[in-house]
There are 2 protein chains.
Amino acid sequence: MSLIVQKFGGSSVADAERVMNVASIVTDTYAKGNDVVVVVSAQGDTTDDLIDKANEINPKASKREKDMLLAAGEQISISLLAMAIEKLGYHAVSLLGWQAGFETSSAHTSARIKRVDASRIKREIDKKNIVIVAGFQGLSKYGDITTLGRGGSDTSAVAIAAAMHADLCQIFTDVEGVYTADPRKVKNAMKLSEISYDEMLELATLGAQVLNNRSVEMAKKYNIELEVLSSLKKASGTIVKEKSKMEKMLISSVAKDTDVARISVTGIPNVPGLAFKLFTKLSAKDINVDIILQSIGHDGKKDITFTIAKDRVDEAVECLKAYVETIGANEVLYDDTVAKVSIVGAGMESHAGVAAKMFEALYDAQINIQMISTSEIKVSVLIDAADADKAVSAIHAKFFD
Amino acid sequence: MSLIVQKFGGSSVADAERVMNVASIVTDTYAKGNDVVVVVSAQGDTTDDLIDKANEINPKASKREKDMLLAAGEQISISLLAMAIEKLGYHAVSLLGWQAGFETSSAHTSARIKRVDASRIKREIDKKNIVIVAGFQGLSKYGDITTLGRGGSDTSAVAIAAAMHADLCQIFTDVEGVYTADPRKVKNAMKLSEISYDEMLELATLGAQVLNNRSVEMAKKYNIELEVLSSLKKASGTIVKEKSKMEKMLISSVAKDTDVARISVTGIPNVPGLAFKLFTKLSAKDINVDIILQSIGHDGKKDITFTIAKDRVDEAVECLKAYVETIGANEVLYDDTVAKVSIVGAGMESHAGVAAKMFEALYDAQINIQMISTSEIKVSVLIDAADADKAVSAIHAKFFD
């Protein structure tokens with residue numbers, strides 16, 4: 001007998017039919033002799049409907065009240081799922097975040113889990129109940145309802161799995177697992193049976209948003225075995241764990257990220273500390289910089305080029321223009337028709353020539369590389385956005401066909 | 001400076017515009033230097049929408065899960081009202097039933113308030129916050145969300161007023177107060193400026209459902225002054241308190257109740273205890289009997305006639321038919337085209353002839369009286385349902401014109 005945590009997102013419980021489908025998955029798992037804790041997000045439309053209601057009244061409402069409002073969403077989905085499980089003849093009990101013992105920071109709308117006191121969950125398991133927990137929410141030390149922010153329900157599920165020493169944490173989504181490339185775009189994309197935490201983390205930052213990064217980090221920290229699988233199709237998914245048997249493969253996945261823009265600051269005087277200050281300005285505005293390229297430049301001046309998220313371009317350019325004037329640099333240029341294409345694989349740590357093979361694939365496809373960035377298990381290139389899909393296919397074919 | 005509890009029902013917060021209207025009533029009260037605790041029900045449609053969602057999945061869901069689901073309704077309305085108050089430039093904090101200290105029995109869907117630990121509310125008042133509390137809901141000793149059943153938000157408001165020793169508890173509704181008769185039906189109906197708890201209780205049981213009876217009983221027990229008033233029209237309403245200055249008036253109100261049916265069991269053998277057993281049968285099914293009339297009958301047999309709520313007729317008749325056979329009575333007859341018309345007034349305790357005056361009014365209007373029932377402050381008659389409005393007008397004219 002195992003303890004299994006199962007997490008279902010908002011689209012998996014969007015309507016009565018889907019709630020019944022989730023109930024059948026959960027009760028099948030329970031009927032096989034497992035203890036089951038289920039973590040559920042709010043139903044598909046609920047969160048948007050609630051946000052609309054709030055905006056109609058006060059778009060600048062306090063974050064505390066936004067959390068109070070949004071937390072009602074999971075309250076609805078957990079009770080409906082409990083009712084569906086009861087209908088199938090099993091005992092279920094739904095628990096809100098605070099009832100399930102989620103103690104969080106008091107940073108409303110983006111609280112962090114501090115501790116999960118799983119005693120109530122354990123009592124309900126002992127009573128042979130299927131336990132359904134509201135994801136995404138918790139309680140601050142002030143006794144106020146908090147929410148965890150984007151992807152919070154994944155994190156809720158992993159936190160419960162960690163607190164209960166669960167044998168497996170299954171994340172049900174609308175995809176069937178983690179693929180070697182986007183299966184909608186690349187014909188020969190293959191579902192991976194296993195992937196390591198680190199590879200999964202790199203993939204998440206590359207726009208292949210299957211799992212929320214915080215949840216993968218937590219799973220890695222507590223060594224929780226994750227499985228990403230579909231709630232609509234019965235098939236085993238992708239296991240995420242520390243040591244993947246895939247490690248022998250050179251790369252596990254090719255991903256693209258089009259939510260990226262390139263910014264260049266040209267003619268920066270060659271004085272120590274100027275580049276540092278430039279990035280400090282951006283960091284003060286919470287703008288994350290990804291790939292950085294610094295040219296040697298001419299006449300004692302240099303250019304710095306870097307990438308940021310596309311939706312922060314206006315803010316970044318405005319902030320940098322003011323800075324450029326004060327230090328006597330030339331100008332700020334930007335291009336948001338770029339894409340980042342990456343290969344990820346724990347195998348490349350011990351294999352030379354992986355980057356070269358990737359560049360060869362791009363050369364064969366006549367795709368120009370603007371910037372390059374590498375980590376131990378990742379190689380990313382910045383290219384023209386129009387070439388992105390072609391690049392993914394070419395690289396995928398080079399490594400997997 | 002006073003402490004005022006204000007309660008708003010679901011129709012008062014049905015949409016964004018009405019929520020803003022409530023926010024302006026609340027902040028006006030606060031701006032006058034009062035401490036304000038607001039109790040809110042779920043928005044107009046929310047409860048029905050949630051019940052529809054539940055029924056689509058499992059109409060026989062457990063009461064615990066129904067409570068979990070429905071309690072989300074007030075969570076939405078309290079946070080929206082807090083946002084509306086913030087928009088008007090005031091500080092507000094919304095509290096769920098459990099956060100506001102509502103400890104209840106564990107009878108899900110009809111829990112009773114055991115205690116209100118108002119310490120959190122007091123802390124928020126001390127911080128100069130307008131406090132908004134979710135009505136209708138609390139927490140059982142098992143840590144489960146409960147709801148108080150029909151009219152529960154009125155009771156929540158009075159319970160807070162009692163726990164906080166509030167100076168006034170205002171119940172905002174869609175009527176402007178308590179009237180001498182239904183103002184939509186009786187031309188000269190007058191709004192009462194005051195009424196006693198006992199009169200209000202008698203009125204509530206007579207179909208003039210302005211206030212939930214549990215809330216009036218609790219207000220009487222803790223001597224909380226209530227005011228019933230409109231959320232849509234600025235005007236003082238009706239004060240409900242122990243000693244009303246209206247006490248000098250013979251009667252305070254004329255009410256009708258058409259949710260009533262008459263049942264007769266004929267030819268009951270004249271043996272002691274049979275009538276008692278008959279009512280025990282009904283009581284076992286939770287069917288309340290109101291007016292009772294026992295005839296002398298013929299041949300050592302008697303008839304018993306009584307009234308019950310109209311929607312329990314089928315159940316009562318079925319139950320009694322079986323009983324009639326076992327004791328050798330004749331038959332069970334029923335009539336659901338009847339109405340109960342009543343006069344209520346603390347004044348009649350010390351004034352003779354009130355009932356006679358009522359009967360005279362009915363005689364003048366050629367209305368036949370089927371049954372009569374009296375208490376210290378009430379006289380009720382059962383008449384043909386078709387005569388009900390005419391009877392109310394005739395009686396009202398006799399006493400008030």
# chains A, B, ... in the order shown; residues from 1 in each chain; ligands from 1

$ closest_atom_pairs --of "chain B" --to "chain A" --cutoff "7 Å" --atoms "only C-alpha atoms" --output "JSON lines"
{"residue": "B:Ala16", "atom": "CA", "partner": "A:Ile57", "partner_atom": "CA", "distance": 5.8}
{"residue": "B:Ala54", "atom": "CA", "partner": "A:Leu80", "partner_atom": "CA", "distance": 6.2}
{"residue": "B:Glu56", "atom": "CA", "partner": "A:Ala16", "partner_atom": "CA", "distance": 6.5}
{"residue": "B:Ile57", "atom": "CA", "partner": "A:Ala16", "partner_atom": "CA", "distance": 5.8}
{"residue": "B:Asn58", "atom": "CA", "partner": "A:Met83", "partner_atom": "CA", "distance": 5.9}
{"residue": "B:Ala61", "atom": "CA", "partner": "A:Met83", "partner_atom": "CA", "distance": 5.2}
{"residue": "B:Glu65", "atom": "CA", "partner": "A:Ser79", "partner_atom": "CA", "distance": 5.3}
{"residue": "B:Met68", "atom": "CA", "partner": "A:Ser79", "partner_atom": "CA", "distance": 6.0}
{"residue": "B:Leu69", "atom": "CA", "partner": "A:Ile76", "partner_atom": "CA", "distance": 5.2}
{"residue": "B:Ala72", "atom": "CA", "partner": "A:Ala72", "partner_atom": "CA", "distance": 5.1}
{"residue": "B:Gln75", "atom": "CA", "partner": "A:Ala72", "partner_atom": "CA", "distance": 6.2}
{"residue": "B:Ile76", "atom": "CA", "partner": "A:Leu69", "partner_atom": "CA", "distance": 5.2}
{"residue": "B:Ser79", "atom": "CA", "partner": "A:Glu65", "partner_atom": "CA", "distance": 5.3}
{"residue": "B:Leu80", "atom": "CA", "partner": "A:Ala54", "partner_atom": "CA", "distance": 6.2}
{"residue": "B:Ala82", "atom": "CA", "partner": "A:Glu65", "partner_atom": "CA", "distance": 6.9}
{"residue": "B:Met83", "atom": "CA", "partner": "A:Ala61", "partner_atom": "CA", "distance": 5.2}
{"residue": "B:Ala84", "atom": "CA", "partner": "A:Ile57", "partner_atom": "CA", "distance": 5.9}
{"residue": "B:Glu86", "atom": "CA", "partner": "A:Ala61", "partner_atom": "CA", "distance": 6.7}
{"residue": "B:Lys87", "atom": "CA", "partner": "A:Asn58", "partner_atom": "CA", "distance": 6.0}

$ residues_around --residues "region 175-180 of chain B" --least-positions-apart "6" --cutoff "7 Å" --atoms "only C-alpha atoms" --output "PyMOL selection string"
chain B and resi 189-192+228-230+237-238+252-254

$ write_last_selection --atoms "N, CA and C atoms" --output "PDB file, in the first residue's frame"
ATOM      1  N   ALA B 189     -51.912  50.572   5.411  1.00  0.00           N
ATOM      2  CA  ALA B 189     -50.915  49.938   6.276  1.00  0.00           C
ATOM      3  C   ALA B 189     -49.869  50.970   6.697  1.00  0.00           C
ATOM      4  N   MET B 190     -49.491  50.950   7.973  1.00  0.00           N
ATOM      5  CA  MET B 190     -48.540  51.936   8.483  1.00  0.00           C
ATOM      6  C   MET B 190     -47.268  51.236   8.933  1.00  0.00           C
ATOM      7  N   LYS B 191     -46.145  51.922   8.751  1.00  0.00           N
ATOM      8  CA  LYS B 191     -44.891  51.376   9.278  1.00  0.00           C
ATOM      9  C   LYS B 191     -44.861  51.625  10.776  1.00  0.00           C
ATOM     10  N   LEU B 192     -44.532  50.601  11.554  1.00  0.00           N
ATOM     11  CA  LEU B 192     -44.425  50.747  13.004  1.00  0.00           C
ATOM     12  C   LEU B 192     -43.060  51.334  13.335  1.00  0.00           C
ATOM     13  N   VAL B 228     -35.099  47.130  11.858  1.00  0.00           N
ATOM     14  CA  VAL B 228     -35.352  46.595  10.526  1.00  0.00           C
ATOM     15  C   VAL B 228     -35.533  47.770   9.589  1.00  0.00           C
ATOM     16  N   LEU B 229     -34.706  47.853   8.538  1.00  0.00           N
ATOM     17  CA  LEU B 229     -34.804  49.005   7.638  1.00  0.00           C
ATOM     18  C   LEU B 229     -34.365  48.641   6.223  1.00  0.00           C
ATOM     19  N   SER B 230     -34.602  49.544   5.291  1.00  0.00           N
ATOM     20  CA  SER B 230     -34.328  49.261   3.879  1.00  0.00           C
ATOM     21  C   SER B 230     -32.903  49.638   3.498  1.00  0.00           C
ATOM     22  N   GLY B 237     -36.218  52.757  10.211  1.00  0.00           N
ATOM     23  CA  GLY B 237     -37.080  51.594  10.067  1.00  0.00           C
ATOM     24  C   GLY B 237     -37.902  51.340  11.320  1.00  0.00           C
ATOM     25  N   THR B 238     -38.043  50.071  11.666  1.00  0.00           N
ATOM     26  CA  THR B 238     -38.793  49.684  12.862  1.00  0.00           C
ATOM     27  C   THR B 238     -37.821  49.154  13.908  1.00  0.00           C
ATOM     28  N   SER B 252     -50.656  45.563  16.973  1.00  0.00           N
ATOM     29  CA  SER B 252     -49.604  46.210  16.202  1.00  0.00           C
ATOM     30  C   SER B 252     -49.656  45.815  14.737  1.00  0.00           C
ATOM     31  N   SER B 253     -50.253  44.662  14.439  1.00  0.00           N
ATOM     32  CA  SER B 253     -50.166  44.216  13.056  1.00  0.00           C
ATOM     33  C   SER B 253     -51.211  43.168  12.714  1.00  0.00           C
ATOM     34  N   VAL B 254     -51.607  43.162  11.463  1.00  0.00           N
ATOM     35  CA  VAL B 254     -52.504  42.135  10.930  1.00  0.00           C
ATOM     36  C   VAL B 254     -51.713  41.356   9.879  1.00  0.00           C
TER      37      VAL B 254
END

$ closest_residue --among "A:Ala14, A:Ile304, A:Ile4, A:Ile292" --to "His165 (chain A)" --atoms "only C-alpha atoms"
A:Ile4

$ closest_residue --among "A:Ala166, A:Ser110, A:Ala134, A:Val116" --to "Arg150 (chain A)" --atoms "only C-alpha atoms"
A:Ser110

$ select_by_dssp --residues "region 212-292 of chain A" --states "strand (DSSP E or B)" --output "list in words"
Leu226, Glu227, Val228, Leu229, Ser230, Thr238, Ile239, Val240, Lys241, Ser253, Val254, Ala255, Lys256, Asp257, Val260, Ala261, Arg262, Ile263, Ser264, Val265, Thr266, Gly267, Ile268, Pro269 and Ile292 of chain A

$ residues_around --residues "Val344 (chain B)" --least-positions-apart "2" --cutoff "9 Å" --atoms "only C-alpha atoms" --output "PDB file with C-alpha atoms, in the first residue's frame"
ATOM      1  CA  GLU B 199     -44.905  40.685  18.897  1.00  0.00           C
ATOM      2  CA  MET B 200     -42.135  40.256  16.341  1.00  0.00           C
ATOM      3  CA  GLU B 202     -45.644  36.065  16.742  1.00  0.00           C
ATOM      4  CA  LEU B 203     -45.493  37.934  13.428  1.00  0.00           C
ATOM      5  CA  LEU B 250     -54.355  47.278  21.047  1.00  0.00           C
ATOM      6  CA  ILE B 251     -52.740  45.519  18.157  1.00  0.00           C
ATOM      7  CA  SER B 252     -49.604  46.210  16.202  1.00  0.00           C
ATOM      8  CA  SER B 253     -50.166  44.216  13.056  1.00  0.00           C
ATOM      9  CA  VAL B 254     -52.504  42.135  10.930  1.00  0.00           C
ATOM     10  CA  ALA B 255     -50.898  39.253   9.058  1.00  0.00           C
ATOM     11  CA  SER B 342     -53.964  36.914  12.713  1.00  0.00           C
ATOM     12  CA  ALA B 346     -48.884  43.118  23.293  1.00  0.00           C
ATOM     13  CA  GLY B 347     -51.797  45.466  24.158  1.00  0.00           C
ATOM     14  CA  MET B 348     -54.432  42.787  23.991  1.00  0.00           C
ATOM     15  CA  ILE B 377     -50.787  38.568  22.332  1.00  0.00           C
ATOM     16  CA  LYS B 378     -52.322  36.976  19.233  1.00  0.00           C
ATOM     17  CA  VAL B 379     -55.692  35.946  17.791  1.00  0.00           C
ATOM     18  CA  SER B 380     -55.687  33.765  14.679  1.00  0.00           C
TER      19      SER B 380
END

$ residues_around --residues "Asp387 (chain B)" --least-positions-apart "5" --cutoff "9 Å" --atoms "only C-alpha atoms" --output "VMD selection string"
chain B and resid 338 to 339 367 to 368 392

$ write_last_selection --atoms "N, CA and C atoms" --output "tab-separated table (two decimals), in the first residue's frame"
chain	number	residue	atom	x	y	z
B	338	VAL	N	-57.08	27.12	2.43
B	338	VAL	CA	-57.41	27.90	3.63
B	338	VAL	C	-56.29	28.90	3.90
B	339	ALA	N	-56.57	29.88	4.73
B	339	ALA	CA	-55.56	30.86	5.11
B	339	ALA	C	-55.75	31.19	6.59
B	367	ILE	N	-67.35	37.06	6.11
B	367	ILE	CA	-66.32	36.01	6.00
B	367	ILE	C	-66.54	34.97	7.08
B	368	ASN	N	-66.60	33.73	6.67
B	368	ASN	CA	-66.87	32.62	7.58
B	368	ASN	C	-65.60	32.18	8.30
B	392	VAL	N	-57.91	40.65	5.82
B	392	VAL	CA	-56.84	41.49	6.37
B	392	VAL	C	-57.24	42.97	6.27

$ residues_around --residues "Phe359 (chain A)" --least-positions-apart "3" --cutoff "9 Å" --atoms "only C-alpha atoms" --output "VMD selection string"
chain A and resid 354 to 356 362 to 364 369 381 395

$ write_last_selection --atoms "N, CA and C atoms" --output "PDB file, in the first residue's frame"
ATOM      1  N   VAL A 354      28.189  18.481 -27.763  1.00  0.00           N
ATOM      2  CA  VAL A 354      26.732  18.601 -27.854  1.00  0.00           C
ATOM      3  C   VAL A 354      26.359  19.948 -28.469  1.00  0.00           C
ATOM      4  N   ALA A 355      27.003  21.013 -27.961  1.00  0.00           N
ATOM      5  CA  ALA A 355      26.709  22.350 -28.491  1.00  0.00           C
ATOM      6  C   ALA A 355      27.047  22.401 -29.975  1.00  0.00           C
ATOM      7  N   ALA A 356      28.205  21.814 -30.345  1.00  0.00           N
ATOM      8  CA  ALA A 356      28.628  21.831 -31.746  1.00  0.00           C
ATOM      9  C   ALA A 356      27.586  21.152 -32.630  1.00  0.00           C
ATOM     10  N   LEU A 362      21.636  23.960 -36.815  1.00  0.00           N
ATOM     11  CA  LEU A 362      21.140  25.294 -37.166  1.00  0.00           C
ATOM     12  C   LEU A 362      21.786  25.790 -38.461  1.00  0.00           C
ATOM     13  N   TYR A 363      23.072  25.496 -38.614  1.00  0.00           N
ATOM     14  CA  TYR A 363      23.792  25.895 -39.835  1.00  0.00           C
ATOM     15  C   TYR A 363      23.179  25.217 -41.053  1.00  0.00           C
ATOM     16  N   ASP A 364      22.915  23.891 -40.914  1.00  0.00           N
ATOM     17  CA  ASP A 364      22.311  23.143 -42.018  1.00  0.00           C
ATOM     18  C   ASP A 364      20.963  23.752 -42.411  1.00  0.00           C
ATOM     19  N   ILE A 369      22.544  32.515 -35.691  1.00  0.00           N
ATOM     20  CA  ILE A 369      22.552  32.559 -34.227  1.00  0.00           C
ATOM     21  C   ILE A 369      22.955  33.948 -33.769  1.00  0.00           C
ATOM     22  N   VAL A 381      20.261  29.198 -27.646  1.00  0.00           N
ATOM     23  CA  VAL A 381      20.661  30.167 -28.661  1.00  0.00           C
ATOM     24  C   VAL A 381      19.511  31.136 -28.887  1.00  0.00           C
ATOM     25  N   ILE A 395      16.942  20.740 -34.856  1.00  0.00           N
ATOM     26  CA  ILE A 395      17.753  20.241 -33.738  1.00  0.00           C
ATOM     27  C   ILE A 395      17.220  18.886 -33.273  1.00  0.00           C
TER      28      ILE A 395
END

$ residues_around --residues "region 264-266 of chain B" --least-positions-apart "6" --cutoff "6 Å" --atoms "only C-alpha atoms" --output "list in words"
Asp303, Ile304, Thr305, Asn330, Glu331, Val332 and Leu333 of chain B

$ residues_around --residues "Lys32 (chain A)" --least-positions-apart "6" --cutoff "12 Å" --atoms "only C-alpha atoms" --output "list in words"
Met1, Ser2, Leu3, Ile4, Ile25 and Val26 of chain A

$ write_last_selection --atoms "C-alpha atoms" --output "mmCIF file, in the first residue's frame"
data_model
loop_
_atom_site.group_PDB
_atom_site.id
_atom_site.type_symbol
_atom_site.label_atom_id
_atom_site.label_comp_id
_atom_site.auth_asym_id
_atom_site.auth_seq_id
_atom_site.Cartn_x
_atom_site.Cartn_y
_atom_site.Cartn_z
ATOM 1 C CA MET A 1 0.000 0.000 0.000
ATOM 2 C CA SER A 2 1.329 3.367 -1.021
ATOM 3 C CA LEU A 3 0.495 6.952 -0.206
ATOM 4 C CA ILE A 4 -0.123 8.838 -3.430
ATOM 5 C CA ILE A 25 -9.226 8.457 -11.451
ATOM 6 C CA VAL A 26 -8.962 9.100 -7.722
#

$ atom_distance --atom1 "CA of Ile291 (chain A)" --atom2 "CA of Glu217 (chain A)"
21.7 Å

$ select_by_dssp --residues "region 169-396 of chain A" --states "helix (DSSP H, G or I)" --output "ChimeraX atom specification"
/A:197-204,213-222,245-248,274-284,310-327,346-349,354-364,385-396

$ atom_distance --atom1 "CA of Arg312 (chain B)" --atom2 "CA of Thr205 (chain B)"
16.4 Å

$ decode --residues "region 38-71 of chain B" --atoms "N, CA and C atoms" --output "CSV table (one decimal), in the first residue's frame"
chain,number,residue,atom,x,y,z
B,38,VAL,N,-20.0,44.6,10.0
B,38,VAL,CA,-21.0,44.3,9.0
B,38,VAL,C,-21.1,42.8,8.8
B,39,VAL,N,-22.3,42.3,8.7
B,39,VAL,CA,-22.6,40.9,8.4
B,39,VAL,C,-23.2,40.8,7.1
B,40,VAL,N,-22.7,40.0,6.2
B,40,VAL,CA,-23.2,39.9,4.8
B,40,VAL,C,-23.6,38.4,4.5
B,41,SER,N,-24.7,38.3,3.7
B,41,SER,CA,-25.0,37.0,3.1
B,41,SER,C,-24.3,36.9,1.8
B,42,ALA,N,-24.5,35.7,1.2
B,42,ALA,CA,-23.9,35.5,-0.2
B,42,ALA,C,-24.7,36.3,-1.1
B,43,GLN,N,-24.1,36.7,-2.3
B,43,GLN,CA,-24.8,37.5,-3.3
B,43,GLN,C,-26.0,36.7,-3.8
B,44,GLY,N,-27.0,37.5,-4.2
B,44,GLY,CA,-28.3,37.0,-4.7
B,44,GLY,C,-28.2,35.6,-5.3
B,45,ASP,N,-27.5,35.5,-6.5
B,45,ASP,CA,-27.6,34.3,-7.3
B,45,ASP,C,-26.6,33.2,-6.8
B,46,THR,N,-25.6,33.6,-6.1
B,46,THR,CA,-24.5,32.7,-5.8
B,46,THR,C,-24.9,31.4,-5.2
B,47,THR,N,-25.7,31.5,-4.2
B,47,THR,CA,-26.1,30.2,-3.5
B,47,THR,C,-26.8,29.3,-4.4
B,48,ASP,N,-27.8,29.9,-5.2
B,48,ASP,CA,-28.5,29.0,-6.2
B,48,ASP,C,-27.5,28.4,-7.2
B,49,ASP,N,-26.6,29.2,-7.7
B,49,ASP,CA,-25.6,28.7,-8.7
B,49,ASP,C,-24.8,27.5,-8.1
B,50,LEU,N,-24.4,27.7,-6.8
B,50,LEU,CA,-23.6,26.6,-6.2
B,50,LEU,C,-24.5,25.4,-6.0
B,51,ILE,N,-25.7,25.6,-5.6
B,51,ILE,CA,-26.6,24.4,-5.4
B,51,ILE,C,-26.8,23.7,-6.7
B,52,ASP,N,-26.9,24.5,-7.8
B,52,ASP,CA,-27.1,23.8,-9.1
B,52,ASP,C,-25.8,23.0,-9.5
B,53,LYS,N,-24.6,23.6,-9.2
B,53,LYS,CA,-23.4,22.8,-9.5
B,53,LYS,C,-23.4,21.5,-8.7
B,54,ALA,N,-23.8,21.6,-7.4
B,54,ALA,CA,-23.8,20.4,-6.6
B,54,ALA,C,-24.7,19.3,-7.1
B,55,ASN,N,-26.0,19.8,-7.5
B,55,ASN,CA,-27.0,18.9,-7.9
B,55,ASN,C,-26.6,18.2,-9.2
B,56,GLU,N,-25.9,18.9,-10.0
B,56,GLU,CA,-25.4,18.3,-11.3
B,56,GLU,C,-24.5,17.1,-11.1
B,57,ILE,N,-23.8,17.2,-10.0
B,57,ILE,CA,-22.8,16.2,-9.7
B,57,ILE,C,-23.3,15.1,-8.7
B,58,ASN,N,-24.0,15.5,-7.7
B,58,ASN,CA,-24.5,14.6,-6.7
B,58,ASN,C,-25.6,15.2,-5.8
B,59,PRO,N,-26.8,15.0,-6.1
B,59,PRO,CA,-27.9,15.6,-5.4
B,59,PRO,C,-27.9,15.1,-3.9
B,60,LYS,N,-27.3,13.9,-3.7
B,60,LYS,CA,-27.4,13.4,-2.4
B,60,LYS,C,-26.0,13.5,-1.6
B,61,ALA,N,-25.3,14.6,-1.9
B,61,ALA,CA,-24.0,14.8,-1.3
B,61,ALA,C,-24.2,14.9,0.2
B,62,SER,N,-23.1,14.7,0.9
B,62,SER,CA,-23.1,14.8,2.4
B,62,SER,C,-23.3,16.3,2.7
B,63,LYS,N,-24.0,16.5,3.9
B,63,LYS,CA,-24.2,17.8,4.4
B,63,LYS,C,-22.9,18.6,4.7
B,64,ARG,N,-21.9,17.8,5.1
B,64,ARG,CA,-20.6,18.5,5.4
B,64,ARG,C,-20.1,19.1,4.1
B,65,GLU,N,-20.1,18.4,3.0
B,65,GLU,CA,-19.6,19.0,1.8
B,65,GLU,C,-20.5,20.1,1.2
B,66,LYS,N,-21.8,20.0,1.4
B,66,LYS,CA,-22.7,21.1,1.1
B,66,LYS,C,-22.3,22.3,1.8
B,67,ASP,N,-22.1,22.2,3.1
B,67,ASP,CA,-21.7,23.4,3.9
B,67,ASP,C,-20.4,24.0,3.3
B,68,MET,N,-19.4,23.1,3.0
B,68,MET,CA,-18.1,23.6,2.5
B,68,MET,C,-18.4,24.4,1.2
B,69,LEU,N,-19.3,23.8,0.4
B,69,LEU,CA,-19.5,24.5,-0.9
B,69,LEU,C,-20.2,25.8,-0.7
B,70,LEU,N,-21.3,25.8,0.1
B,70,LEU,CA,-22.1,27.1,0.2
B,70,LEU,C,-21.4,28.2,0.9
B,71,ALA,N,-20.5,27.8,1.9
B,71,ALA,CA,-19.8,28.8,2.6
B,71,ALA,C,-18.9,29.7,1.7
